[in-house]
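Containing PDB, C-alpha atoms, pLDDT in the B column: query-v3.pdb.
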ATOM      1  CA  MET A   1      19.320-123.872 101.275  1.00 36.00           C
ATOM      2  CA  ALA A   2      16.129-122.155 100.087  1.00 40.00           C
ATOM      3  CA  ALA A   3      14.818-121.913 103.640  1.00 43.00           C
ATOM      4  CA  ARG A   4      18.094-120.412 104.885  1.00 41.00           C
ATOM      5  CA  LYS A   5      18.090-117.807 102.133  1.00 40.00           C
ATOM      6  CA  ALA A   6      14.512-116.849 102.978  1.00 43.00           C
ATOM      7  CA  VAL A   7      15.470-116.269 106.606  1.00 58.00           C
ATOM      8  CA  ASP A   8      18.637-114.370 105.672  1.00 66.00           C
ATOM      9  CA  ALA A   9      16.646-111.925 103.526  1.00 71.00           C
ATOM     10  CA  PRO A  10      13.157-111.729 105.011  1.00 84.00           C
ATOM     11  CA  ALA A  11      10.298-110.945 102.663  1.00 91.00           C
ATOM     12  CA  ASN A  12       8.212-109.889 105.662  1.00 96.00           C
ATOM     13  CA  ARG A  13       8.259-106.087 105.848  1.00 94.00           C
ATOM     14  CA  LEU A  14       8.182-106.014 109.642  1.00 95.00           C
ATOM     15  CA  LEU A  15      11.248-108.238 109.944  1.00 96.00           C
ATOM     16  CA  ALA A  16      13.013-106.188 107.269  1.00 95.00           C
ATOM     17  CA  LEU A  17      12.363-103.064 109.344  1.00 94.00           C
ATOM     18  CA  LEU A  18      14.318-104.401 112.329  1.00 96.00           C
ATOM     19  CA  SER A  19      17.878-103.386 113.106  1.00 95.00           C
ATOM     20  CA  ALA A  20      20.553-105.923 112.251  1.00 94.00           C
ATOM     21  CA  LYS A  21      21.005-106.585 115.959  1.00 96.00           C
ATOM     22  CA  ASP A  22      17.311-107.218 116.647  1.00 97.00           C
ATOM     23  CA  TYR A  23      16.860-109.377 113.569  1.00 96.00           C
ATOM     24  CA  GLY A  24      19.998-111.288 114.456  1.00 95.00           C
ATOM     25  CA  ARG A  25      18.450-112.194 117.822  1.00 95.00           C
ATOM     26  CA  LEU A  26      15.260-113.498 116.181  1.00 97.00           C
ATOM     27  CA  ARG A  27      16.823-115.211 113.194  1.00 96.00           C
ATOM     28  CA  PRO A  28      18.048-118.446 114.870  1.00 95.00           C
ATOM     29  CA  HIS A  29      14.526-119.097 116.152  1.00 96.00           C
ATOM     30  CA  LEU A  30      12.627-118.521 112.888  1.00 97.00           C
ATOM     31  CA  GLN A  31      11.310-121.577 111.089  1.00 96.00           C
ATOM     32  CA  ARG A  32       9.910-121.890 107.575  1.00 95.00           C
ATOM     33  CA  ALA A  33       6.101-122.184 107.815  1.00 96.00           C
ATOM     34  CA  PRO A  34       3.856-123.108 104.876  1.00 97.00           C
ATOM     35  CA  LEU A  35       0.448-121.456 105.285  1.00 97.00           C
ATOM     36  CA  THR A  36      -2.429-123.552 103.947  1.00 96.00           C
ATOM     37  CA  TYR A  37      -6.007-122.504 103.241  1.00 92.00           C
ATOM     38  CA  ARG A  38      -8.148-122.283 106.417  1.00 92.00           C
ATOM     39  CA  GLN A  39      -5.181-123.168 108.625  1.00 97.00           C
ATOM     40  CA  SER A  40      -5.744-121.906 112.179  1.00 97.00           C
ATOM     41  CA  LEU A  41      -2.869-119.704 113.355  1.00 98.00           C
ATOM     42  CA  TYR A  42      -4.452-119.109 116.737  1.00 98.00           C
ATOM     43  CA  GLU A  43      -7.920-119.600 118.218  1.00 97.00           C
ATOM     44  CA  ALA A  44     -10.074-117.258 120.256  1.00 96.00           C
ATOM     45  CA  ASN A  45      -9.624-117.414 124.028  1.00 96.00           C
ATOM     46  CA  LYS A  46      -6.880-120.034 123.784  1.00 97.00           C
ATOM     47  CA  PRO A  47      -3.147-119.601 124.424  1.00 98.00           C
ATOM     48  CA  ILE A  48      -1.171-118.149 121.506  1.00 98.00           C
ATOM     49  CA  GLU A  49       1.710-120.594 121.275  1.00 98.00           C
ATOM     50  CA  THR A  50       3.282-119.488 117.976  1.00 98.00           C
ATOM     51  CA  VAL A  51       3.723-116.150 116.211  1.00 98.00           C
ATOM     52  CA  TYR A  52       3.958-115.883 112.430  1.00 98.00           C
ATOM     53  CA  PHE A  53       5.637-113.392 110.140  1.00 98.00           C
ATOM     54  CA  ILE A  54       3.764-113.812 106.842  1.00 97.00           C
ATOM     55  CA  GLU A  55       5.796-113.465 103.650  1.00 96.00           C
ATOM     56  CA  THR A  56       3.087-114.278 101.116  1.00 94.00           C
ATOM     57  CA  GLY A  57      -0.591-114.952 101.678  1.00 94.00           C
ATOM     58  CA  VAL A  58      -3.129-113.353 103.980  1.00 94.00           C
ATOM     59  CA  GLY A  59      -4.293-114.120 107.507  1.00 95.00           C
ATOM     60  CA  SER A  60      -7.856-113.190 108.417  1.00 92.00           C
ATOM     61  CA  LEU A  61      -8.561-111.741 111.884  1.00 94.00           C
ATOM     62  CA  VAL A  62     -12.036-113.096 112.669  1.00 91.00           C
ATOM     63  CA  ASN A  63     -14.591-112.345 115.363  1.00 90.00           C
ATOM     64  CA  THR A  64     -17.182-115.102 115.900  1.00 88.00           C
ATOM     65  CA  MET A  65     -20.570-114.474 117.501  1.00 87.00           C
ATOM     66  CA  ASN A  66     -22.342-116.839 119.924  1.00 90.00           C
ATOM     67  CA  ASN A  67     -24.624-118.052 117.116  1.00 89.00           C
ATOM     68  CA  GLY A  68     -21.621-119.081 115.012  1.00 83.00           C
ATOM     69  CA  GLN A  69     -21.699-116.178 112.578  1.00 82.00           C
ATOM     70  CA  ALA A  70     -18.242-114.830 111.845  1.00 83.00           C
ATOM     71  CA  ALA A  71     -16.951-111.553 110.461  1.00 83.00           C
ATOM     72  CA  GLU A  72     -13.497-110.525 109.409  1.00 86.00           C
ATOM     73  CA  VAL A  73     -12.323-107.452 111.317  1.00 88.00           C
ATOM     74  CA  GLY A  74      -8.809-107.169 109.892  1.00 90.00           C
ATOM     75  CA  THR A  75      -6.174-108.816 107.730  1.00 93.00           C
ATOM     76  CA  ILE A  76      -2.492-109.584 108.176  1.00 96.00           C
ATOM     77  CA  GLY A  77      -0.041-110.015 105.327  1.00 96.00           C
ATOM     78  CA  ASN A  78       3.634-109.515 104.599  1.00 95.00           C
ATOM     79  CA  GLU A  79       3.575-106.225 106.505  1.00 95.00           C
ATOM     80  CA  GLY A  80       2.900-107.745 109.864  1.00 95.00           C
ATOM     81  CA  LEU A  81       2.731-110.257 112.650  1.00 98.00           C
ATOM     82  CA  VAL A  82       0.155-112.889 113.570  1.00 98.00           C
ATOM     83  CA  GLY A  83       0.046-113.034 117.362  1.00 98.00           C
ATOM     84  CA  PHE A  84       0.244-109.331 118.168  1.00 97.00           C
ATOM     85  CA  PRO A  85      -1.426-109.740 121.612  1.00 97.00           C
ATOM     86  CA  VAL A  86       1.914-111.241 122.739  1.00 98.00           C
ATOM     87  CA  VAL A  87       3.557-107.861 122.090  1.00 97.00           C
ATOM     88  CA  LEU A  88       1.069-106.291 124.485  1.00 96.00           C
ATOM     89  CA  GLY A  89       1.859-108.821 127.202  1.00 95.00           C
ATOM     90  CA  ASP A  90      -1.219-110.983 126.691  1.00 96.00           C
ATOM     91  CA  ALA A  91      -1.351-114.706 125.945  1.00 95.00           C
ATOM     92  CA  GLN A  92      -4.707-114.890 124.194  1.00 96.00           C
ATOM     93  CA  ALA A  93      -7.335-112.846 122.329  1.00 96.00           C
ATOM     94  CA  PRO A  94     -11.116-112.888 121.777  1.00 95.00           C
ATOM     95  CA  THR A  95     -10.489-113.176 118.022  1.00 95.00           C
ATOM     96  CA  SER A  96      -9.107-115.973 115.863  1.00 96.00           C
ATOM     97  CA  VAL A  97      -6.741-115.880 112.893  1.00 97.00           C
ATOM     98  CA  TYR A  98      -7.129-118.202 109.907  1.00 94.00           C
ATOM     99  CA  VAL A  99      -5.262-118.365 106.626  1.00 95.00           C
ATOM    100  CA  GLN A 100      -7.502-116.706 104.062  1.00 90.00           C
ATOM    101  CA  VAL A 101      -5.097-116.803 101.108  1.00 91.00           C
ATOM    102  CA  PRO A 102      -2.419-119.557 101.152  1.00 93.00           C
ATOM    103  CA  GLY A 103       1.250-118.640 101.145  1.00 94.00           C
ATOM    104  CA  GLU A 104       4.376-118.920 103.263  1.00 95.00           C
ATOM    105  CA  GLY A 105       5.885-117.326 106.316  1.00 96.00           C
ATOM    106  CA  LEU A 106       8.285-117.663 109.202  1.00 97.00           C
ATOM    107  CA  SER A 107       7.261-118.763 112.685  1.00 97.00           C
ATOM    108  CA  MET A 108       8.716-118.864 116.163  1.00 97.00           C
ATOM    109  CA  SER A 109       7.418-119.826 119.580  1.00 98.00           C
ATOM    110  CA  ALA A 110       5.479-117.115 121.382  1.00 98.00           C
ATOM    111  CA  ALA A 111       7.521-117.785 124.524  1.00 98.00           C
ATOM    112  CA  ARG A 112      10.811-117.106 122.733  1.00 98.00           C
ATOM    113  CA  PHE A 113       9.389-114.022 121.023  1.00 98.00           C
ATOM    114  CA  LYS A 114       8.232-112.696 124.398  1.00 98.00           C
ATOM    115  CA  THR A 115      11.736-113.221 125.795  1.00 97.00           C
ATOM    116  CA  GLU A 116      13.301-111.307 122.905  1.00 97.00           C
ATOM    117  CA  LEU A 117      10.794-108.476 123.281  1.00 97.00           C
ATOM    118  CA  ALA A 118      11.716-108.124 126.947  1.00 97.00           C
ATOM    119  CA  ALA A 119      15.390-107.906 126.010  1.00 97.00           C
ATOM    120  CA  SER A 120      15.107-105.168 123.383  1.00 97.00           C
ATOM    121  CA  ALA A 121      13.385-101.786 123.625  1.00 97.00           C
ATOM    122  CA  THR A 122      14.011-101.160 119.918  1.00 96.00           C
ATOM    123  CA  LEU A 123      12.299-104.436 118.963  1.00 97.00           C
ATOM    124  CA  ARG A 124       9.298-103.481 121.090  1.00 97.00           C
ATOM    125  CA  ALA A 125       9.173-100.039 119.474  1.00 96.00           C
ATOM    126  CA  VAL A 126       9.008-101.493 115.955  1.00 96.00           C
ATOM    127  CA  MET A 127       6.299-103.956 116.945  1.00 97.00           C
ATOM    128  CA  LEU A 128       4.243-101.175 118.522  1.00 96.00           C
ATOM    129  CA  ARG A 129       4.498 -99.149 115.320  1.00 96.00           C
ATOM    130  CA  TYR A 130       3.022-102.126 113.531  1.00 96.00           C
ATOM    131  CA  GLY A 131       0.302-102.343 116.171  1.00 96.00           C
ATOM    132  CA  HIS A 132      -0.601 -98.722 115.461  1.00 96.00           C
ATOM    133  CA  ALA A 133      -0.821 -99.478 111.739  1.00 95.00           C
ATOM    134  CA  LEU A 134      -2.986-102.544 112.380  1.00 95.00           C
ATOM    135  CA  PHE A 135      -5.313-100.553 114.635  1.00 95.00           C
ATOM    136  CA  ASN A 136      -5.637 -97.920 111.913  1.00 94.00           C
ATOM    137  CA  GLN A 137      -6.513-100.616 109.375  1.00 93.00           C
ATOM    138  CA  VAL A 138      -9.249-102.052 111.601  1.00 93.00           C
ATOM    139  CA  ALA A 139     -10.650 -98.570 112.270  1.00 94.00           C
ATOM    140  CA  GLN A 140     -10.606 -97.701 108.556  1.00 94.00           C
ATOM    141  CA  SER A 141     -12.350-100.991 107.749  1.00 90.00           C
ATOM    142  CA  ALA A 142     -15.133-100.210 110.224  1.00 89.00           C
ATOM    143  CA  ALA A 143     -15.746 -96.838 108.578  1.00 92.00           C
ATOM    144  CA  CYS A 144     -15.462 -98.383 105.109  1.00 91.00           C
ATOM    145  CA  ASN A 145     -18.108-101.000 105.885  1.00 87.00           C
ATOM    146  CA  HIS A 146     -20.445 -98.249 107.069  1.00 89.00           C
ATOM    147  CA  PHE A 147     -20.051 -95.739 104.236  1.00 94.00           C
ATOM    148  CA  HIS A 148     -19.044 -97.586 101.068  1.00 93.00           C
ATOM    149  CA  ASN A 149     -20.827-100.009  98.777  1.00 92.00           C
ATOM    150  CA  ILE A 150     -19.946-103.659  98.247  1.00 90.00           C
ATOM    151  CA  GLU A 151     -18.167-103.116  94.937  1.00 93.00           C
ATOM    152  CA  GLN A 152     -15.909-100.384  96.360  1.00 95.00           C
ATOM    153  CA  ARG A 153     -15.052-102.554  99.356  1.00 92.00           C
ATOM    154  CA  CYS A 154     -14.431-105.525  97.087  1.00 92.00           C
ATOM    155  CA  CYS A 155     -11.924-103.501  95.057  1.00 95.00           C
ATOM    156  CA  ARG A 156     -10.207-102.394  98.257  1.00 94.00           C
ATOM    157  CA  TRP A 157      -9.743-105.947  99.567  1.00 90.00           C
ATOM    158  CA  LEU A 158      -8.573-107.215  96.181  1.00 94.00           C
ATOM    159  CA  LEU A 159      -5.935-104.490  96.020  1.00 95.00           C
ATOM    160  CA  MET A 160      -4.780-105.187  99.582  1.00 93.00           C
ATOM    161  CA  THR A 161      -4.520-108.911  98.847  1.00 92.00           C
ATOM    162  CA  HIS A 162      -2.687-108.287  95.584  1.00 93.00           C
ATOM    163  CA  ASP A 163      -0.121-106.150  97.456  1.00 93.00           C
ATOM    164  CA  ARG A 164       0.687-109.145  99.676  1.00 91.00           C
ATOM    165  CA  MET A 165       1.139-111.743  96.926  1.00 88.00           C
ATOM    166  CA  GLU A 166       3.877-112.484  94.398  1.00 79.00           C
ATOM    167  CA  SER A 167       1.391-113.361  91.665  1.00 89.00           C
ATOM    168  CA  GLU A 168      -1.496-111.825  89.733  1.00 94.00           C
ATOM    169  CA  GLU A 169      -3.513-114.950  90.608  1.00 94.00           C
ATOM    170  CA  PHE A 170      -4.486-116.138  94.072  1.00 92.00           C
ATOM    171  CA  LEU A 171      -7.068-118.250  95.891  1.00 90.00           C
ATOM    172  CA  LEU A 172      -9.979-116.318  97.386  1.00 85.00           C
ATOM    173  CA  THR A 173     -13.048-118.442  98.022  1.00 83.00           C
ATOM    174  CA  GLN A 174     -16.576-117.045  98.117  1.00 82.00           C
ATOM    175  CA  GLU A 175     -16.762-118.049 101.786  1.00 80.00           C
ATOM    176  CA  PHE A 176     -13.886-115.774 102.792  1.00 77.00           C
ATOM    177  CA  PHE A 177     -14.873-113.150 100.239  1.00 78.00           C
ATOM    178  CA  ALA A 178     -18.303-112.880 101.906  1.00 79.00           C
ATOM    179  CA  MET A 179     -16.772-112.882 105.396  1.00 75.00           C
ATOM    180  CA  MET A 180     -14.320-110.110 104.634  1.00 73.00           C
ATOM    181  CA  LEU A 181     -17.006-107.933 103.043  1.00 75.00           C
ATOM    182  CA  GLY A 182     -19.622-108.728 105.682  1.00 72.00           C
ATOM    183  CA  VAL A 183     -22.232-109.723 103.090  1.00 76.00           C
ATOM    184  CA  GLN A 184     -24.072-112.795 101.835  1.00 79.00           C
ATOM    185  CA  ARG A 185     -22.512-114.862  99.048  1.00 78.00           C
ATOM    186  CA  THR A 186     -25.060-113.490  96.592  1.00 83.00           C
ATOM    187  CA  GLY A 187     -23.585-110.032  97.206  1.00 83.00           C
ATOM    188  CA  VAL A 188     -20.109-111.387  96.438  1.00 82.00           C
ATOM    189  CA  THR A 189     -21.378-112.955  93.225  1.00 85.00           C
ATOM    190  CA  ARG A 190     -22.872-109.647  92.078  1.00 89.00           C
ATOM    191  CA  ALA A 191     -19.822-107.550  92.956  1.00 90.00           C
ATOM    192  CA  ALA A 192     -17.283-109.969  91.483  1.00 90.00           C
ATOM    193  CA  GLY A 193     -19.461-110.369  88.404  1.00 92.00           C
ATOM    194  CA  ALA A 194     -19.533-106.614  87.845  1.00 95.00           C
ATOM    195  CA  LEU A 195     -15.746-106.372  88.148  1.00 96.00           C
ATOM    196  CA  GLN A 196     -15.315-109.319  85.810  1.00 96.00           C
ATOM    197  CA  ARG A 197     -17.633-107.831  83.177  1.00 96.00           C
ATOM    198  CA  ALA A 198     -15.628-104.604  83.402  1.00 97.00           C
ATOM    199  CA  GLY A 199     -12.466-106.567  82.587  1.00 97.00           C
ATOM    200  CA  LEU A 200     -10.788-105.799  85.913  1.00 97.00           C
ATOM    201  CA  ILE A 201     -10.567-109.347  87.259  1.00 97.00           C
ATOM    202  CA  GLU A 202     -11.208-112.942  86.340  1.00 96.00           C
ATOM    203  CA  TYR A 203     -12.912-114.978  89.063  1.00 92.00           C
ATOM    204  CA  THR A 204     -13.376-118.700  88.485  1.00 90.00           C
ATOM    205  CA  ARG A 205     -13.863-121.429  91.097  1.00 85.00           C
ATOM    206  CA  GLY A 206     -12.380-119.385  93.891  1.00 86.00           C
ATOM    207  CA  MET A 207      -9.338-118.206  91.917  1.00 92.00           C
ATOM    208  CA  VAL A 208      -8.932-114.469  91.341  1.00 95.00           C
ATOM    209  CA  THR A 209      -6.746-113.082  88.572  1.00 97.00           C
ATOM    210  CA  ILE A 210      -6.015-109.356  88.619  1.00 97.00           C
ATOM    211  CA  LEU A 211      -6.311-108.068  85.052  1.00 97.00           C
ATOM    212  CA  ASP A 212      -6.433-104.296  85.537  1.00 98.00           C
ATOM    213  CA  ARG A 213      -5.002-103.014  88.811  1.00 97.00           C
ATOM    214  CA  ARG A 214      -5.395 -99.367  87.817  1.00 96.00           C
ATOM    215  CA  GLY A 215      -9.050 -99.959  87.044  1.00 97.00           C
ATOM    216  CA  LEU A 216      -9.551-101.523  90.483  1.00 97.00           C
ATOM    217  CA  LYS A 217      -7.962 -98.482  92.133  1.00 96.00           C
ATOM    218  CA  ASN A 218     -10.260 -96.188  90.198  1.00 96.00           C
ATOM    219  CA  ARG A 219     -13.330 -98.116  91.398  1.00 96.00           C
ATOM    220  CA  SER A 220     -12.132 -98.508  94.983  1.00 96.00           C
ATOM    221  CA  CYS A 221     -13.057 -96.106  97.771  1.00 95.00           C
ATOM    222  CA  GLU A 222     -10.413 -93.893  99.382  1.00 96.00           C
ATOM    223  CA  CYS A 223      -9.883 -96.437 102.175  1.00 95.00           C
ATOM    224  CA  TYR A 224      -7.321 -98.485 100.236  1.00 95.00           C
ATOM    225  CA  ALA A 225      -5.043 -95.485  99.731  1.00 95.00           C
ATOM    226  CA  VAL A 226      -5.499 -94.314 103.336  1.00 95.00           C
ATOM    227  CA  SER A 227      -4.559 -97.706 104.814  1.00 93.00           C
ATOM    228  CA  LYS A 228      -1.632 -98.190 102.430  1.00 93.00           C
ATOM    229  CA  LYS A 229      -0.264 -94.737 103.206  1.00 95.00           C
ATOM    230  CA  GLU A 230      -0.391 -95.441 106.946  1.00 93.00           C
ATOM    231  CA  PHE A 231       1.377 -98.795 106.610  1.00 93.00           C
ATOM    232  CA  ASP A 232       4.041 -97.249 104.408  1.00 93.00           C
ATOM    233  CA  ARG A 233       4.504 -94.369 106.856  1.00 93.00           C
ATOM    234  CA  LEU A 234       4.775 -96.539 109.942  1.00 92.00           C
ATOM    235  CA  LEU A 235       6.790 -99.378 108.388  1.00 90.00           C
ATOM    236  CA  THR A 236       9.533 -97.320 106.780  1.00 87.00           C
ATOM    237  CA  LYS A 237      12.973 -96.952 108.335  1.00 78.00           C
TER
END
This structure in structure tokens:
Amino acid sequence: MAARKAVDAPANRLLALLSAKDYGRLRPHLQRAPLTYRQSLYEANKPIETVYFIETGVGSLVNTMNNGQAAEVGTIGNEGLVGFPVVLGDAQAPTSVYVQVPGEGLSMSAARFKTELAASATLRAVMLRYGHALFNQVAQSAACNHFHNIEQRCCRWLLMTHDRMESEEFLLTQEFFAMMLGVQRTGVTRAAGALQRAGLIEYTRGMVTILDRRGLKNRSCECYAVSKKEFDRLLTK
């Protein structure tokens, strides 16, 4: 019963944006999907077999170099879709997506999703609006990493993650923290320590608790507000 209710009233903002007709076409094919820490949702240069509509939690869009070093280039939460290359008519991507923060979502086969996209121009239009928002997020992140310090970027990512969760507390390991900020773990320790001493967060054994959201916004760079405004603009009926 709980799974049926979740599908009837999607917590994913992208699904909620669809017309009743378009959502009705997808709904029979959506399956409840628990998202566990470090779970691979698709791998680089391999066929994307399943798409995911995240409801809670965060997926990390990761680019891995030949020497094994990896950097996060974007994130996907309850505003979007994991498997966006399918919307563009592709079956794979040079990036991977892993679950960064555990949660739940809804999944369906990429083949079925592709069929439904071909059958509905309005469904394609909504998905392309999301693609625009995702591109803007990646572009903003690139500028943010160039111009802003680690603490500002840390506040930005914490706020974005908090927006996608149903709790003040969530798992965020130092490994992913470092990857998403593009720094060494020592940099994460310093930035998180500063925010903790300021009373904005509590960070213990990979668990983050947001204590003062307003304080985080005050310490964040402008990139959080810019990205949020674009998602809200593009994902509003």
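When all atoms listed in the file are used to measure the gap to Leu61 (chain A), the shortest distance among A:Glu116, A:Glu49, A:Glu43, A:Asp163 belongs to A:Glu43.
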Practice prompt. Starting from the shown file, work through the PyMOL selection byres ((chain A and resi 89-97) around 6) and note down what comes out as a ChimeraX atom specification.
Written response: /A:41-48,60-63,85-88,98
Worksheet entry | Nearest to Cys223 (chain A), chosen from A:His146, A:His162, A:Arg185, A:Arg197, with only C-alpha atoms counted in the distances | A:His146
Practice prompt. Tell me, in Å to one decimal, how far CA of Glu168 (chain A) is from CA of Ser220 (chain A).
Written response: 17.8 Å
Item to complete: Would you write out, as a PyMOL selection string, every residue that the PyMOL selection byres ((chain A and resi 189) around 12) captures in this file?
Response: chain A and resi 150-151+154+173-175+177-178+181+183-188+190-197+203-206
Worksheet item: From the set A:Asn66, A:Ser167, A:Asn149, A:Ser227, which residue has the shortest atom-to-atom contact distance to Val101 (chain A), counting all atoms listed in the file?
Response: A:Ser167
Grab all the atoms of region 224-235 of chain A that the file lists, wrap them in a box along x, y and z, add 4 Å per side, and give me centre plus edge lengths in Å (one decimal) as AutoDock Vina command-line options.
--center_x -0.3 --center_y -96.8 --center_z 104.8 --size_x 22.1 --size_y 13.1 --size_z 18.2
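Interatomic distance, CA of Gly182 (chain A) to CA of Asp212 (chain A): 24.5 Å.
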Fill in: All residues 12 Å or closer to Leu171 (chain A), only C-alpha atoms, same chain fewer than 5 positions away omitted, as JSON, numbers by chain
{"A": [36, 37, 38, 57, 58, 99, 100, 101, 102, 103, 158, 161, 162, 165, 176, 177, 202, 203, 204, 205, 206, 207, 208, 209, 210]}
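Around Asp232 (chain A), within 10 Å and counting only C-alpha atoms, the residues found are Arg13, Glu79 and Ala133 of chain A, once anything fewer than 6 positions away on its own chain is removed.
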Discussion item. Please report the interatomic distance between CA of Ile76 (chain A) and CA of Gly59 (chain A) in Å with one decimal.
Written reply: 4.9 Å
Fill in: Residues within 12 Å of Glu55 (chain A), all atoms listed in the file, excluding chain neighbours under 2 positions, as JSON, numbers by chain
{"A": [6, 7, 9, 10, 11, 12, 13, 14, 15, 16, 32, 33, 34, 35, 52, 53, 57, 58, 59, 76, 77, 78, 79, 80, 81, 82, 101, 102, 103, 104, 105, 106, 107, 163, 164, 165, 166]}
Can you put N, CA, C and O atoms back into region 134-147 of chain A and show it as an mmCIF file, keeping the file's coordinate frame?
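Written output follows (rebuild26.cif):
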data_model
loop_
_atom_site.group_PDB
_atom_site.id
_atom_site.type_symbol
_atom_site.label_atom_id
_atom_site.label_comp_id
_atom_site.auth_asym_id
_atom_site.auth_seq_id
_atom_site.Cartn_x
_atom_site.Cartn_y
_atom_site.Cartn_z
ATOM 1 N N LEU A 134 -1.913 -101.557 112.397
ATOM 2 C CA LEU A 134 -2.986 -102.544 112.380
ATOM 3 C C LEU A 134 -4.268 -101.951 112.963
ATOM 4 O O LEU A 134 -5.365 -102.156 112.409
ATOM 5 N N PHE A 135 -4.139 -101.208 114.056
ATOM 6 C CA PHE A 135 -5.313 -100.553 114.635
ATOM 7 C C PHE A 135 -5.945 -99.607 113.627
ATOM 8 O O PHE A 135 -7.179 -99.560 113.478
ATOM 9 N N ASN A 136 -5.117 -98.850 112.915
ATOM 10 C CA ASN A 136 -5.637 -97.920 111.913
ATOM 11 C C ASN A 136 -6.371 -98.665 110.800
ATOM 12 O O ASN A 136 -7.395 -98.189 110.290
ATOM 13 N N GLN A 137 -5.846 -99.828 110.409
ATOM 14 C CA GLN A 137 -6.513 -100.616 109.375
ATOM 15 C C GLN A 137 -7.890 -101.073 109.839
ATOM 16 O O GLN A 137 -8.875 -100.982 109.088
ATOM 17 N N VAL A 138 -7.967 -101.580 111.066
ATOM 18 C CA VAL A 138 -9.249 -102.052 111.601
ATOM 19 C C VAL A 138 -10.245 -100.893 111.700
ATOM 20 O O VAL A 138 -11.424 -101.039 111.348
ATOM 21 N N ALA A 139 -9.773 -99.737 112.154
ATOM 22 C CA ALA A 139 -10.650 -98.570 112.270
ATOM 23 C C ALA A 139 -11.132 -98.113 110.895
ATOM 24 O O ALA A 139 -12.313 -97.781 110.712
ATOM 25 N N GLN A 140 -10.232 -98.103 109.914
ATOM 26 C CA GLN A 140 -10.606 -97.701 108.556
ATOM 27 C C GLN A 140 -11.615 -98.678 107.966
ATOM 28 O O GLN A 140 -12.556 -98.284 107.276
ATOM 29 N N SER A 141 -11.428 -99.967 108.253
ATOM 30 C CA SER A 141 -12.350 -100.991 107.749
ATOM 31 C C SER A 141 -13.750 -100.797 108.319
ATOM 32 O O SER A 141 -14.744 -100.973 107.615
ATOM 33 N N ALA A 142 -13.831 -100.434 109.605
ATOM 34 C CA ALA A 142 -15.133 -100.210 110.224
ATOM 35 C C ALA A 142 -15.860 -99.057 109.542
ATOM 36 O O ALA A 142 -17.060 -99.148 109.242
ATOM 37 N N ALA A 143 -15.136 -97.978 109.267
ATOM 38 C CA ALA A 143 -15.746 -96.838 108.578
ATOM 39 C C ALA A 143 -16.109 -97.207 107.146
ATOM 40 O O ALA A 143 -17.171 -96.830 106.644
ATOM 41 N N CYS A 144 -15.232 -97.965 106.491
ATOM 42 C CA CYS A 144 -15.462 -98.383 105.109
ATOM 43 C C CYS A 144 -16.741 -99.206 105.003
ATOM 44 O O CYS A 144 -17.565 -98.999 104.092
ATOM 45 N N ASN A 145 -16.920 -100.146 105.918
ATOM 46 C CA ASN A 145 -18.108 -101.000 105.885
ATOM 47 C C ASN A 145 -19.391 -100.205 106.097
ATOM 48 O O ASN A 145 -20.460 -100.599 105.628
ATOM 49 N N HIS A 146 -19.268 -99.076 106.780
ATOM 50 C CA HIS A 146 -20.445 -98.249 107.069
ATOM 51 C C HIS A 146 -20.816 -97.344 105.895
ATOM 52 O O HIS A 146 -22.003 -97.151 105.603
ATOM 53 N N PHE A 147 -19.790 -96.794 105.214
ATOM 54 C CA PHE A 147 -20.051 -95.739 104.236
ATOM 55 C C PHE A 147 -19.980 -96.172 102.764
ATOM 56 O O PHE A 147 -20.540 -95.486 101.908
#
